[in-house]
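*Asks:* Next up, data-v3.cif (mmCIF, C-alpha atoms).
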data_input
#
loop_
_atom_site.group_PDB
_atom_site.id
_atom_site.type_symbol
_atom_site.label_atom_id
_atom_site.label_comp_id
_atom_site.auth_asym_id
_atom_site.auth_seq_id
_atom_site.Cartn_x
_atom_site.Cartn_y
_atom_site.Cartn_z
ATOM 1 C CA MET A 230 111.911 105.686 93.371
ATOM 2 C CA LYS A 231 109.639 102.772 94.279
ATOM 3 C CA LYS A 232 108.644 104.510 97.546
ATOM 4 C CA LEU A 233 107.810 107.678 95.644
ATOM 5 C CA LEU A 234 105.511 105.766 93.271
ATOM 6 C CA THR A 235 103.827 104.077 96.237
ATOM 7 C CA LEU A 236 103.234 107.437 97.935
ATOM 8 C CA ILE A 237 101.795 108.904 94.744
ATOM 9 C CA SER A 238 99.495 105.884 94.360
ATOM 10 C CA ILE A 239 98.270 106.208 97.946
ATOM 11 C CA ALA A 240 97.663 109.931 97.516
ATOM 12 C CA THR A 241 95.696 109.300 94.327
ATOM 13 C CA VAL A 242 93.505 106.707 96.052
ATOM 14 C CA LEU A 243 92.818 109.102 98.954
ATOM 15 C CA VAL A 244 91.804 111.875 96.565
ATOM 16 C CA LEU A 245 89.450 109.521 94.708
ATOM 17 C CA ILE A 246 87.871 108.336 97.962
ATOM 18 C CA SER A 247 87.362 111.932 99.118
ATOM 19 C CA ALA A 248 85.777 112.863 95.797
ATOM 20 C CA SER A 249 83.383 109.906 95.891
ATOM 21 C CA GLU A 250 82.357 110.722 99.469
ATOM 22 C CA ALA A 251 81.661 114.330 98.478
ATOM 23 C CA THR A 252 79.536 113.161 95.552
ATOM 24 C CA ALA A 253 77.579 110.781 97.783
ATOM 25 C CA ALA A 254 76.981 113.559 100.286
ATOM 26 C CA SER A 255 75.737 115.940 97.618
ATOM 27 C CA GLY A 256 73.540 113.178 96.178
ATOM 28 C CA SER A 257 71.930 112.545 99.560
ATOM 29 C CA GLU A 258 71.569 116.307 100.053
ATOM 30 C CA ILE A 259 69.706 116.587 96.745
ATOM 31 C CA SER A 260 67.477 113.633 97.682
ATOM 32 C CA ARG A 261 66.663 115.328 100.984
ATOM 33 C CA LYS A 262 65.799 118.560 99.179
ATOM 34 C CA GLU A 263 63.608 116.699 96.679
ATOM 35 C CA ALA A 264 61.674 115.109 99.559
ATOM 36 C CA LEU A 265 61.160 118.526 101.171
ATOM 37 C CA LEU A 266 60.021 119.996 97.853
ATOM 38 C CA ALA A 267 57.404 117.259 97.449
ATOM 39 C CA GLN A 268 56.213 117.758 101.052
ATOM 40 C CA SER A 269 55.973 121.504 100.417
ATOM 41 C CA GLY A 270 53.590 121.013 97.502
ATOM 42 C CA PHE A 271 55.924 121.239 94.515
ATOM 43 C CA LYS A 272 54.731 119.246 91.507
ATOM 44 C CA VAL A 273 56.981 116.915 89.512
ATOM 45 C CA VAL A 274 57.025 117.580 85.771
ATOM 46 C CA THR A 275 58.651 115.222 83.276
ATOM 47 C CA VAL A 276 60.827 116.799 80.596
ATOM 48 C CA THR A 277 59.174 115.957 77.281
ATOM 49 C CA THR A 278 60.389 118.479 74.691
ATOM 50 C CA PRO A 279 63.846 119.543 73.502
ATOM 51 C CA LYS A 280 63.039 123.105 74.594
ATOM 52 C CA GLN A 281 62.269 121.902 78.143
ATOM 53 C CA LYS A 282 65.452 119.830 78.173
ATOM 54 C CA GLU A 283 67.500 122.851 77.147
ATOM 55 C CA ALA A 284 65.855 124.993 79.825
ATOM 56 C CA VAL A 285 66.387 122.394 82.582
ATOM 57 C CA ASN A 286 70.025 121.894 81.598
ATOM 58 C CA GLY A 287 70.550 125.627 82.086
ATOM 59 C CA LEU A 288 69.323 125.529 85.696
ATOM 60 C CA ALA A 289 71.647 125.330 88.694
ATOM 61 C CA GLN A 290 71.937 121.821 90.116
ATOM 62 C CA GLY A 291 70.829 121.340 93.723
ATOM 63 C CA ARG A 292 68.945 124.601 94.196
ATOM 64 C CA CYS A 293 65.653 126.282 93.364
ATOM 65 C CA SER A 294 65.738 128.834 90.586
ATOM 66 C CA ALA A 295 63.184 131.591 90.089
ATOM 67 C CA VAL A 296 61.738 131.444 86.571
ATOM 68 C CA THR A 297 59.181 133.728 84.935
ATOM 69 C CA PHE A 298 56.784 132.008 82.531
ATOM 70 C CA ASN A 299 53.800 133.834 80.960
ATOM 71 C CA LYS A 300 54.435 136.774 83.334
ATOM 72 C CA LYS A 301 54.101 134.478 86.377
ATOM 73 C CA LEU A 302 56.853 133.597 88.854
ATOM 74 C CA PHE A 303 57.662 129.926 89.426
ATOM 75 C CA TYR A 304 60.381 128.154 91.370
ATOM 76 C CA VAL A 305 62.045 125.247 89.586
ATOM 77 C CA PHE A 306 64.379 122.548 90.934
ATOM 78 C CA PRO A 307 65.864 120.028 88.455
ATOM 79 C CA THR A 308 66.295 116.408 89.539
ATOM 80 C CA ALA A 309 69.789 114.910 89.564
ATOM 81 C CA THR A 310 69.146 113.165 86.225
ATOM 82 C CA LYS A 311 67.544 116.333 84.769
ATOM 83 C CA ASP A 312 64.762 114.283 83.167
ATOM 84 C CA LYS A 313 62.226 115.759 85.612
ATOM 85 C CA PHE A 314 61.919 118.929 87.615
ATOM 86 C CA TYR A 315 59.962 120.199 90.595
ATOM 87 C CA VAL A 316 57.887 123.328 90.049
ATOM 88 C CA GLY A 317 56.036 125.474 92.558
ATOM 89 C CA LYS A 318 54.777 128.976 93.184
ATOM 90 C CA GLN A 319 55.615 131.424 95.968
ATOM 91 C CA ALA A 320 53.481 129.649 98.608
ATOM 92 C CA GLN A 321 55.195 126.290 97.998
ATOM 93 C CA PHE A 322 58.623 127.946 97.962
ATOM 94 C CA ASN A 323 57.909 129.645 101.304
ATOM 95 C CA ARG A 324 56.910 126.268 102.844
ATOM 96 C CA TYR A 325 60.094 124.726 101.421
ATOM 97 C CA LYS A 326 62.275 127.478 102.946
ATOM 98 C CA LYS A 327 60.584 126.975 106.344
ATOM 99 C CA ALA A 328 61.146 123.198 106.122
ATOM 100 C CA ILE A 329 64.846 123.709 105.299
ATOM 101 C CA ALA A 330 65.228 126.140 108.216
ATOM 102 C CA ALA A 331 63.486 123.722 110.584
ATOM 103 C CA GLN A 332 65.785 120.866 109.554
ATOM 104 C CA GLN A 333 68.896 122.994 109.956
ATOM 105 C CA GLY A 334 67.750 124.125 113.387
ATOM 106 C CA SER A 335 67.114 120.557 114.564
ATOM 107 C CA LYS A 336 70.425 119.075 113.384
ATOM 108 C CA PRO A 337 73.000 118.310 116.076
ATOM 109 C CA ALA A 338 76.302 120.142 115.772
ATOM 110 C CA ARG A 339 79.035 118.246 113.901
ATOM 111 C CA MET A 340 82.482 117.909 115.334
#
Represent the structure contained in this file as structure tokens.

*Replies:*
Amino acid sequence: MKKLLTLISIATVLVLISASEATAASGSEISRKEALLAQSGFKVVTVTTPKQKEAVNGLAQGRCSAVTFNKKLFYVFPTATKDKFYVGKQAQFNRYKKAIAAQQGSKPARM
């Protein structure tokens, strides 16, 4: 019985470590994307109204979403804290996609 509890405790610790590593990886991935967005010409906008907060909370985390505002197409990327967001038009989004592709092409293969 004592060995069983020890095994369960070890398994729980391993699961928690794996989860924290995955979170750290996704956090660094988002930071990398935010840097590429800024380099591509996206502007940072601070959320100031409840309506903006509601809209940003509805966006997918970690990816650009196409949004139409006043019959114009924008690409929006919320920050991890969702108190700010990056916004750009088609030209900035195209530069961002090229930057992502260039980074993926230059990465060494993982084993």

*Asks:* Please measure the separation of atom CA of A:Arg324 and atom CA of A:Cys293, giving the value in Å to one decimal.

*Replies:*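 The value is 12.9 Å.
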
*Asks:* If I take atom CA of A:Thr277 and atom CA of A:Gly317, how far is one from the other in Å, to one decimal?

*Replies:*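 For atom CA of A:Thr277 relative to atom CA of A:Gly317, the distance reads 18.3 Å.
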
*Asks:* Just how far from atom CA of A:Tyr304 is atom CA of A:Ala284, in Å to one decimal?

*Replies:*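 Going from atom CA of A:Ala284 over to atom CA of A:Tyr304, I get 13.2 Å.
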
*Asks:* I need the residue nearest A:Thr308 from this list: A:Leu265, A:Val273, A:Ala320, A:Ala331. Use only C-alpha atoms for the distance.

*Replies:*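 Closest residue, counting only C-alpha atoms: A:Val273.
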
*Asks:* What's the 8 Å shell around A:Thr275, counting only C-alpha atoms, without same-chain residues fewer than 5 positions away, as JSON, numbers by chain?

*Replies:* {"A": [312, 313, 314]}

*Asks:* Of the candidates A:Phe322, A:Phe306, A:Tyr315, A:Phe271, which one gets nearest to A:Gln290 if we count all atoms listed in the file?

*Replies:*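 Answer, going by the shortest atom-to-atom distance: A:Phe306.
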
*Asks:* Looking at all atoms listed in the file, which of A:Arg292, A:Lys318, A:Phe303, A:Thr310 is the one that sits closest to A:Glu258?

*Replies:*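 Of the candidates, the smallest distance to A:Glu258 is held by A:Arg292.
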
*Asks:* Of the residues A:Gln281, A:Asn286, A:Gln332, A:Gln321, which is the one nearest to A:Ala267, using only C-alpha atoms?

*Replies:*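 Counting only C-alpha atoms, the residue closest to A:Ala267 is A:Gln321.
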
*Asks:* A:Gln333, A:Ser269, A:Gln319, A:Ser257: which is nearest A:Ser294, counting only C-alpha atoms?

*Replies:*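 The answer is A:Gln319, which sits nearest to A:Ser294.
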
*Asks:* What are the centre and edge lengths in Å, to one decimal, of the axis-aligned box around all listed atoms of stretch 272-289 of chain A with 3 Å added on each side, as lines of an AutoDock Vina configuration file?

*Replies:*
center_x = 63.2
center_y = 120.4
center_z = 82.5
size_x = 22.9
size_y = 16.4
size_z = 24.0

*Asks:* Restricting the calculation to all atoms listed in the file: of A:Lys272, A:Pro307, A:Glu283, A:Phe298, which residue gets closest to A:Ile259?

*Replies:*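 Using all atoms listed in the file, A:Ile259 sits closest to A:Pro307.
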